[in-house]
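A short write-up of the structure that comes next.
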Amino acid sequence: MDYRPQELDRKWQQHWASSRAFEVSADSSRPKFYCLEMFAYPSGHAHVGHVRNYIIGDVVARTKRMRGYNVLHPFGWDAFGLPAENAAIQSGIHPDVSTRGNIAHMKGQLQRLGISYAWERELATCDPEYYKWNQWLFIRMFERGLAYRRRSSVNWCPSCSTVLANEQVVDGGCWRCGTPVEMRDLEQWFFRITAFADDLLDATVSLTGWPEKVLTMQRNWIGRSEGARVRFPIEGEAAVQVEVFTTRIDTIYGATFVLLAPEHPLVSGLAAKSKDPVSFRQQVQAFRAQDRAARISGEIEKQGFDTGFRAINPFTHEPVPIWIANFVLGEYGTGAVMAVPAHDQRDFEFARKFNLPIRVVVTPEGRPARADRMTEAAEAYGTLVNSGEYSGLGSNEAQKRMIATAKQRGIGEGTAQYRLKDWGISRQRYWGTPIPMIYCEKDGIVPVPDEQLPVELPKLARFSGRGDSPLAQVPEFVNVRCPKCAGPARRETDTMDTFVDSSWYFYRFADPRNNTMPFDPAAVKYWLPVDFYSGGVEHAILHLIYSRFFARVFRDLGLVDHSEPFTQLLTQGMVLKDGVVMSKSKGNVVDPDTMLQKFGADALRLYVMFVAPPEKEVEWTDTGLEGSFRFLARVWRLLDRWRETIGGEGIGSPDTCESLNAAERALRRKTHDTIRRVTIDIEQRRQFNTAVSAMMELVNELYAFGERTATGPPGRRAEQDAGHVGEMERRETICVVREALEALIRLLAPFAPHTAEEMWEILGHGASFAAVTWPTYDAVVARAEEIVVPVQINGRVRSRLTVSAEASEQDLERLALADPAIRSYTTGKTVKKIVVAKGPLVSLVVR
RNA sequence: GCGAAAGUGGCGGAACUGGCAGACGCGCCAGACUUAGGAUCUGGUACCCGAAAGGGUAUGGGGGUUCGAGUCCCUCCUUUCGCACCA
């Protein structure tokens with residue numbers, strides 16, 4: 001009977017579907033496990049790179065199910081987004097149509113892989129039943145001031161013709177297409193994620209199940225820095241002050257000038273009053289026109305000019321010049337800095353270039369540096385000098401006292417600054433959630449009443465790809481009555497960033513058909529947080545920080561009782577082909593369906609899990625896949641060779657067999673040790689490749705065992721008279737082999753579920769794996785009876801002792817010294833030291 | 001520039017708390033069974049010397065701690081990733 005996986009795939013997939021094997025409901029009497037893979041953008045075809053993630057999740061989900069957990073393992077579609085809309089501009093096919101077609105195809109691919117999803121909970125974010133709750137939530141956030149509208153300078157991608165959030169700008173370009181981002185002044189909707197900056201930052205220490213790398217990225221992104229704001233009056237301008245942010249208030253006696261960003265709000269006022277307003281404005285314009293990416297990255301030279309105005313250092317009361325500099329960022333802190341050239345490298349370079357004074361006010365070890373001899377700024381903390389009453393204090397102490405003084409005198413206060421900005425969510429595109437807001441001349445901004453939700457996307461007839469906000473060109477959509485005064489009003493025509501959709505879909509899975517709330521809090525209380533979440537690292541800050549933000553919003557709305565939605569996070573590596581990431585444009589995608597037709601779902605699943613640990617990038621090889629197929633066929637032949645022998649009734653467990661011979665005991669030991677290793681590898685180490693190799697070892701052992709038995713190994717079965725097998729084996733052999741095979745099949749089930757189900761059935765078991773329990777091991781049986789102990793002399797292995805596992809340290813020492821090979825090294829010399837290490841291992845120092 | 005992770009046979013990788021480096025797989029070599037083998041089974045496969053027994057050298061380079069280092073420490077090199085004038 002040959003191994004024909006394609007038939008098994010079909011048979012068991014049908015069986016799982018018709019028996020609703022993976023559908024679940026909340027059950028407080030059982031422990032729950034929520035296993036989730038990042039949902040998919042329905043691009044049309046999943047390649048093996050995408051599919052790796054789903055297989056990882058499926059192995060975890062299936063294992064947990066066998067271990068008695070009530071497992072929620074859902075899937076859905078991140079179905080809004082630009083590619084579908086751009087395709088519509090090209091092809092004229094409506095995004096709704098193409099998206100649904102893509103979803104149907106990809107769903108089929110996942111089903112053919114045998115991923116154990118609870119498909120009845122499937123959702124797509126482009127369904128009004130889903131995005132209605134985006135709108136509902138938006139309004140709740142608006143009511144609480146967490147969603148607000150403001151005019152500001154925003155990132156604009158000219159290619160996608162839409163605004164981008166800061167998180168979506170990578171190296172100065174659009175995260176999706178790489179086009180350099182431009183700045184535009186626009187009225188936009190923002191989510192006040194900065195209100196949770198401290199919470200999001202501080203809680204990272206509680207995320208012990210996350211990779212440290214991702215946490216570091218999030219901490220850097222939030223970018224909290226402690227410091228102070230200090231206000232500098234302007235000489236002769238009583239009405240205005242320059243407020244600066246500094247993390248080094250201890251160096252304020254060394255502040256010899258003040259720098260403003262070209263975007264600083266005071267700049268235009270100063271220009272007007274300056275001696276030469278025309279040239280002033282020209283220089284500011286020149287700075288602002290500089291390439292933003294280059295300006296921020298420090299690639300261009302530091303430039304600046306003197307405004308002619310002077311600020312009064314509130315600590316020294318000295319007047320210092322105010323300059324405008326191209327490297328000062330308008331959007332960070334106050335957009336103005338006090339420049340301390342002696343103790344800040346950037347200020348140092350600027351002072352040297354423009355001959356501005358440098359004054360040393362902090363010294364690390366007693367003797368102050370000479371300003372005229374410095375080659376770089378002295379940024380280290382130390383003891384203050386030339387700082388009036390603060391001289392002699394350490395930097396830390398000085399900071400505390402200076403902040404207290406500033407506060408007392410009303411010239412400043414201690415604060416923290418963040419690099420995290422509020423999340424701009426308006427998108428000038430069609431294929432997204434309409435923002436449920438109405439603008440009325442009389443009543444201003446008015447939310448759409450809850451009972452009118454959802455605000456549905458109108459069907460667009462044409463996609464031109466030109467101009468802003470396609471919805472603005474649909475009069476029936478734009479023109480509405482004001483919900484308050486019933487007067488004429490117009491709708492918001494921007495749509496939401498699709499990252500809004502993906503920030504809470506994992507809650508909706510707990511209760512996906514609810515039509516009165518986003519979800520029932522009780523359902524979420526049972527299922528959430530997600531116990532195991534896996535996806536690509538590319539979401540380390542985008543999706544994962546937005547989701548943590550949404551969890552806090554739901555928490556503050558009283559809908560959930562936790563703050564962190566994902567307990568354990570696994571960031572899986574990409575699958576490469578020919579050394580590069582698979583992509584349609586590179587023409588190097590490996591289509592899972594082709595592989596399925598050749599080798600079946602289980603070989604593909606097994607290969608993907610075996611090739612490397614899940615976090616690592618892997619290079620796809622066809623021969624590796626064939627190897628996995630061969631392994632499964634090898635297991636299949638093993639079962640074929642033993643099925644009639646061990647299938648009979650009335651055969652007890654090996655525990656009841658008293659007289660196992662050495663080979664049988666060794667096989668039992670291997671069986672139990674394999675269960676131990678596979679269980680730990682899957683459940684604790686999440687290192688699936690070594691779990692697979694442990695199973696391969698067991699299979700090799702079973703082949704070797706078969707070699708020694710009456711009927712011979714599986715490969716020779718063809719030459720045996722099949723009618724006679726079975727009667728020739730010892731009862732003990734049958735017990736031990738059956739135990740080994742039944743364990744193997746169950747361990748294999750999460751990786752190769754179709755094959756395992758079939759083999760389980762062949763062995764005469766009725767129940768499908770949804771109901772089968774994970775094998776357990778006996779630690780005593782798993783331990784070897786006899787062990788080989790290496791003996792080292794001066795660090796080199798010179799002999800090996802075969803001893804009982806119970807041998808004591810003294811026994812080992814004695815046996816080592818008595819060993820002939822060892823004696824040839826010790827005779828005539830002194831044994832200076834003997835170490836018996838756990839392991840065990842004996843190490844002798846001989847001189 | 002700063003920070004993090006990593007560097008192991010021809011290849012993917014293993015080695016859990018410092019204890020036999022190279023598990024398992026791919027590839028390759030040989031044998032068996034065969035009309036045949038690109039099926040299957042068995043054996044071999046880090047490198048160097050040696051007919052063999054055996055010996056020596058090996059985890060990016062150099063140094064150190066230790067009875068013992070792929071693993072810990074220092075230093076340098078390379079690769080990948082993240083951050084990059086954030087005051």
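Within each chain, counting starts at residue 1; across the structure tokens, chains are named A, B, ... in the order shown, with ligands numbered 1 upward in that order.
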
- Can you tell me, as a PyMOL selection string, what residues are no more than 12 Å from Ser29 of chain A when counting only C-alpha atoms (C1' of nucleotides), ignoring any on the same chain fewer than 5 positions away? chain A and resi 68-70+526

- Message: I want to know what sits within 7 Å of segment 17-25 of chain B, based on only C-alpha atoms (C1' of nucleotides), with residues of the same chain fewer than 3 positions away left out; could you give that as a PyMOL selection string?
- Response: (chain A and resi 693+696+790+837+839+841) or (chain B and resi 14+68-69+71)

- Pick from A:Val537, A:Ile762, A:Ile93, A:Leu186 nearest to chain B, counting only C-alpha atoms (C1' of nucleotides):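 Residue with the minimum atom-to-atom distance to chain B: A:Val537.
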
- Please identify every residue of chain A that has at least one atom no more than 7 Å from any atom of chain B, counting only C-alpha atoms (C1' of nucleotides), and report them as a list in words. Met217, Thr246, Ile296, Ser297, Gly298, Phe327, Tyr332, Val337, Arg346, Arg419, Val611, Ala612, Thr623, Gly624, Ser693, Met696, Gly715, Pro790, Asn794, Gly795, Val835, Ala837, Gly839, Leu841, Ser843, Leu844 and Val845 of chain A

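The list of residues with at least one atom within 8 Å of Ala523 of chain A, based on only C-alpha atoms (C1' of nucleotides) and without residues fewer than 3 positions apart in the same chain, reads A:Ala26, A:Ala510, A:Asp511, A:Phe519, A:Asp520, A:Tyr526, A:Trp527.
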
- Item | Separation of atom CA of Pro74 of chain A from atom CA of Gly114 of chain A in Å |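 We find that atom CA of Gly114 of chain A and atom CA of Pro74 of chain A lie 13.4 Å from each other.
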
- Identify, on the basis of only C-alpha atoms (C1' of nucleotides), every residue whose closest approach to Asn386 of chain A does not exceed 10 Å; exclude the query and any residue fewer than 6 positions from it along the same chain; express the result as a list in words. Thr251, Tyr253, Gly254, Arg359, Val360, Val361, Val362, Pro368 and Gly392 of chain A

Store the residues picked out above, limited to C-alpha atoms, as a PDB file, in the first residue's frame.
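In the end it all went to result04.pdb:
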```
ATOM      1  CA  THR A 251      24.921  72.613  31.431  1.00  0.00           C
ATOM      2  CA  TYR A 253      25.582  78.057  32.384  1.00  0.00           C
ATOM      3  CA  GLY A 254      27.374  76.996  29.226  1.00  0.00           C
ATOM      4  CA  ARG A 359      32.176  77.730  27.689  1.00  0.00           C
ATOM      5  CA  VAL A 360      33.078  74.667  29.768  1.00  0.00           C
ATOM      6  CA  VAL A 361      30.753  74.157  32.725  1.00  0.00           C
ATOM      7  CA  VAL A 362      31.025  70.418  33.497  1.00  0.00           C
ATOM      8  CA  PRO A 368      38.340  71.630  33.455  1.00  0.00           C
ATOM      9  CA  GLY A 392      30.868  71.813  42.663  1.00  0.00           C
TER      10      GLY A 392
END
```

- Query: Of the candidates A:Ile822, A:Ala255, A:Arg229, A:Ala342, which one gets nearest to Arg800 of chain A if we count only C-alpha atoms?
  - Reply: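 The answer is A:Ile822, which sits nearest to Arg800 of chain A.
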
- Task: Mind listing the helix (DSSP H, G or I) residues of segment 430-550 of chain A, per DSSP on the backbone, as a PyMOL selection string?
- Result: chain A and resi 450-452+470-473+475-478+498-501+505-508+521-527+537-539+542-550

Save out the residues we just selected, N, CA, C and O atoms, as a compact mmCIF listing (two decimals), in the first residue's frame.
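Final output, result.txt:
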```txt
# COMPACT_ATOMS: atom_id res chain seq x y z
N ASP A 450 -25.09 56.76 16.32
CA ASP A 450 -24.83 55.31 16.33
C ASP A 450 -25.85 54.53 15.52
O ASP A 450 -25.50 53.58 14.82
N GLU A 451 -27.11 54.92 15.61
CA GLU A 451 -28.14 54.13 14.93
C GLU A 451 -28.05 54.24 13.41
O GLU A 451 -28.67 53.46 12.69
N GLN A 452 -27.27 55.22 12.93
CA GLN A 452 -27.10 55.32 11.46
C GLN A 452 -25.87 54.58 10.96
O GLN A 452 -25.55 54.61 9.77
N PRO A 470 -11.48 60.00 -3.34
CA PRO A 470 -12.50 59.61 -4.33
C PRO A 470 -13.93 59.83 -3.83
O PRO A 470 -14.82 60.14 -4.61
N LEU A 471 -14.16 59.68 -2.53
CA LEU A 471 -15.52 59.83 -2.02
C LEU A 471 -16.05 61.25 -2.19
O LEU A 471 -17.26 61.46 -2.25
N ALA A 472 -15.13 62.23 -2.30
CA ALA A 472 -15.57 63.62 -2.46
C ALA A 472 -16.29 63.83 -3.78
O ALA A 472 -16.99 64.81 -3.97
N GLN A 473 -16.10 62.87 -4.70
CA GLN A 473 -16.73 63.02 -6.00
C GLN A 473 -18.09 62.31 -6.09
O GLN A 473 -18.63 62.13 -7.17
N PRO A 475 -21.63 62.92 -4.88
CA PRO A 475 -22.50 63.90 -4.20
C PRO A 475 -23.51 63.25 -3.26
O PRO A 475 -23.76 63.76 -2.16
N GLU A 476 -24.06 62.08 -3.66
CA GLU A 476 -25.04 61.41 -2.80
C GLU A 476 -24.42 61.03 -1.47
O GLU A 476 -25.11 60.90 -0.46
N PHE A 477 -23.12 60.80 -1.49
CA PHE A 477 -22.44 60.44 -0.25
C PHE A 477 -22.13 61.69 0.56
O PHE A 477 -22.38 61.74 1.76
N VAL A 478 -21.63 62.71 -0.13
CA VAL A 478 -21.13 63.90 0.58
C VAL A 478 -22.26 64.69 1.21
O VAL A 478 -22.18 65.11 2.37
N THR A 498 -5.81 51.61 7.17
CA THR A 498 -6.22 50.21 7.36
C THR A 498 -5.61 49.59 8.62
O THR A 498 -6.03 48.52 9.06
N PHE A 499 -4.61 50.25 9.20
CA PHE A 499 -4.08 49.74 10.46
C PHE A 499 -5.10 49.87 11.60
O PHE A 499 -4.96 49.22 12.62
N VAL A 500 -6.12 50.72 11.39
CA VAL A 500 -7.21 50.77 12.38
C VAL A 500 -7.94 49.42 12.38
O VAL A 500 -8.22 48.85 13.44
N ASP A 501 -8.20 48.91 11.19
CA ASP A 501 -8.92 47.63 11.07
C ASP A 501 -8.18 46.52 11.81
O ASP A 501 -8.79 45.69 12.47
N TYR A 505 -8.96 43.33 15.44
CA TYR A 505 -9.68 42.19 14.85
C TYR A 505 -9.62 40.96 15.76
O TYR A 505 -10.52 40.13 15.77
N PHE A 506 -8.54 40.85 16.54
CA PHE A 506 -8.39 39.69 17.43
C PHE A 506 -9.42 39.68 18.55
O PHE A 506 -9.66 38.65 19.15
N TYR A 507 -10.01 40.84 18.85
CA TYR A 507 -11.13 40.86 19.81
C TYR A 507 -12.41 40.37 19.14
O TYR A 507 -13.21 39.65 19.72
N ARG A 508 -12.58 40.82 17.92
CA ARG A 508 -13.81 40.46 17.19
C ARG A 508 -13.92 38.94 16.99
O ARG A 508 -15.02 38.41 16.96
N PRO A 521 -18.23 41.57 26.00
CA PRO A 521 -17.09 41.59 26.94
C PRO A 521 -16.86 40.24 27.62
O PRO A 521 -15.72 39.88 27.90
N ALA A 522 -17.93 39.48 27.84
CA ALA A 522 -17.77 38.18 28.50
C ALA A 522 -16.99 37.22 27.61
O ALA A 522 -16.15 36.46 28.08
N ALA A 523 -17.27 37.26 26.31
CA ALA A 523 -16.56 36.37 25.38
C ALA A 523 -15.08 36.74 25.35
O ALA A 523 -14.20 35.88 25.35
N VAL A 524 -14.81 38.03 25.34
CA VAL A 524 -13.42 38.48 25.31
C VAL A 524 -12.73 38.14 26.63
O VAL A 524 -11.56 37.77 26.65
N LYS A 525 -13.48 38.23 27.70
CA LYS A 525 -12.89 37.91 29.00
C LYS A 525 -12.45 36.44 29.04
O LYS A 525 -11.43 36.11 29.63
N TYR A 526 -13.23 35.59 28.39
CA TYR A 526 -12.86 34.18 28.37
C TYR A 526 -11.66 33.93 27.45
O TYR A 526 -10.70 33.27 27.84
N TRP A 527 -11.71 34.48 26.24
CA TRP A 527 -10.71 34.08 25.23
C TRP A 527 -9.41 34.88 25.27
O TRP A 527 -8.35 34.37 24.95
N VAL A 537 8.29 40.21 11.56
CA VAL A 537 8.87 41.31 12.35
C VAL A 537 8.53 42.67 11.78
O VAL A 537 8.66 43.68 12.48
N GLU A 538 8.16 42.72 10.52
CA GLU A 538 7.89 44.02 9.91
C GLU A 538 6.78 44.78 10.65
O GLU A 538 6.62 45.97 10.48
N HIS A 539 6.05 44.06 11.50
CA HIS A 539 4.99 44.72 12.26
C HIS A 539 5.42 45.09 13.68
O HIS A 539 4.59 45.46 14.49
N LEU A 542 4.58 48.96 13.86
CA LEU A 542 3.29 49.41 13.32
C LEU A 542 2.10 48.73 14.01
O LEU A 542 1.56 49.24 14.97
N HIS A 543 1.75 47.58 13.50
CA HIS A 543 0.57 46.87 13.98
C HIS A 543 0.62 46.59 15.48
O HIS A 543 -0.39 46.69 16.18
N LEU A 544 1.79 46.24 15.97
CA LEU A 544 1.85 45.79 17.36
C LEU A 544 1.74 46.93 18.36
O LEU A 544 1.26 46.74 19.47
N ILE A 545 2.16 48.13 17.98
CA ILE A 545 2.00 49.24 18.93
C ILE A 545 0.58 49.79 18.84
O ILE A 545 -0.03 50.15 19.84
N TYR A 546 0.03 49.81 17.63
CA TYR A 546 -1.36 50.26 17.49
C TYR A 546 -2.31 49.34 18.25
O TYR A 546 -3.27 49.79 18.88
N SER A 547 -2.06 48.03 18.18
CA SER A 547 -2.93 47.08 18.87
C SER A 547 -2.85 47.25 20.38
O SER A 547 -3.84 47.14 21.09
N ARG A 548 -1.66 47.50 20.87
CA ARG A 548 -1.49 47.73 22.31
C ARG A 548 -2.23 49.01 22.71
O ARG A 548 -2.82 49.08 23.79
N PHE A 549 -2.22 49.99 21.84
CA PHE A 549 -2.96 51.24 22.08
C PHE A 549 -4.46 50.95 22.14
O PHE A 549 -5.16 51.37 23.07
N PHE A 550 -4.97 50.21 21.16
CA PHE A 550 -6.40 49.91 21.14
C PHE A 550 -6.82 49.11 22.37
O PHE A 550 -7.91 49.32 22.91
```

- Of the candidates A:Glu564, A:Glu761, A:Glu697, A:Glu318, which shows the shortest atom-to-atom distance to Leu8 of chain A, using only C-alpha atoms?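 Residue with the minimum atom-to-atom distance to Leu8 of chain A: A:Glu761.
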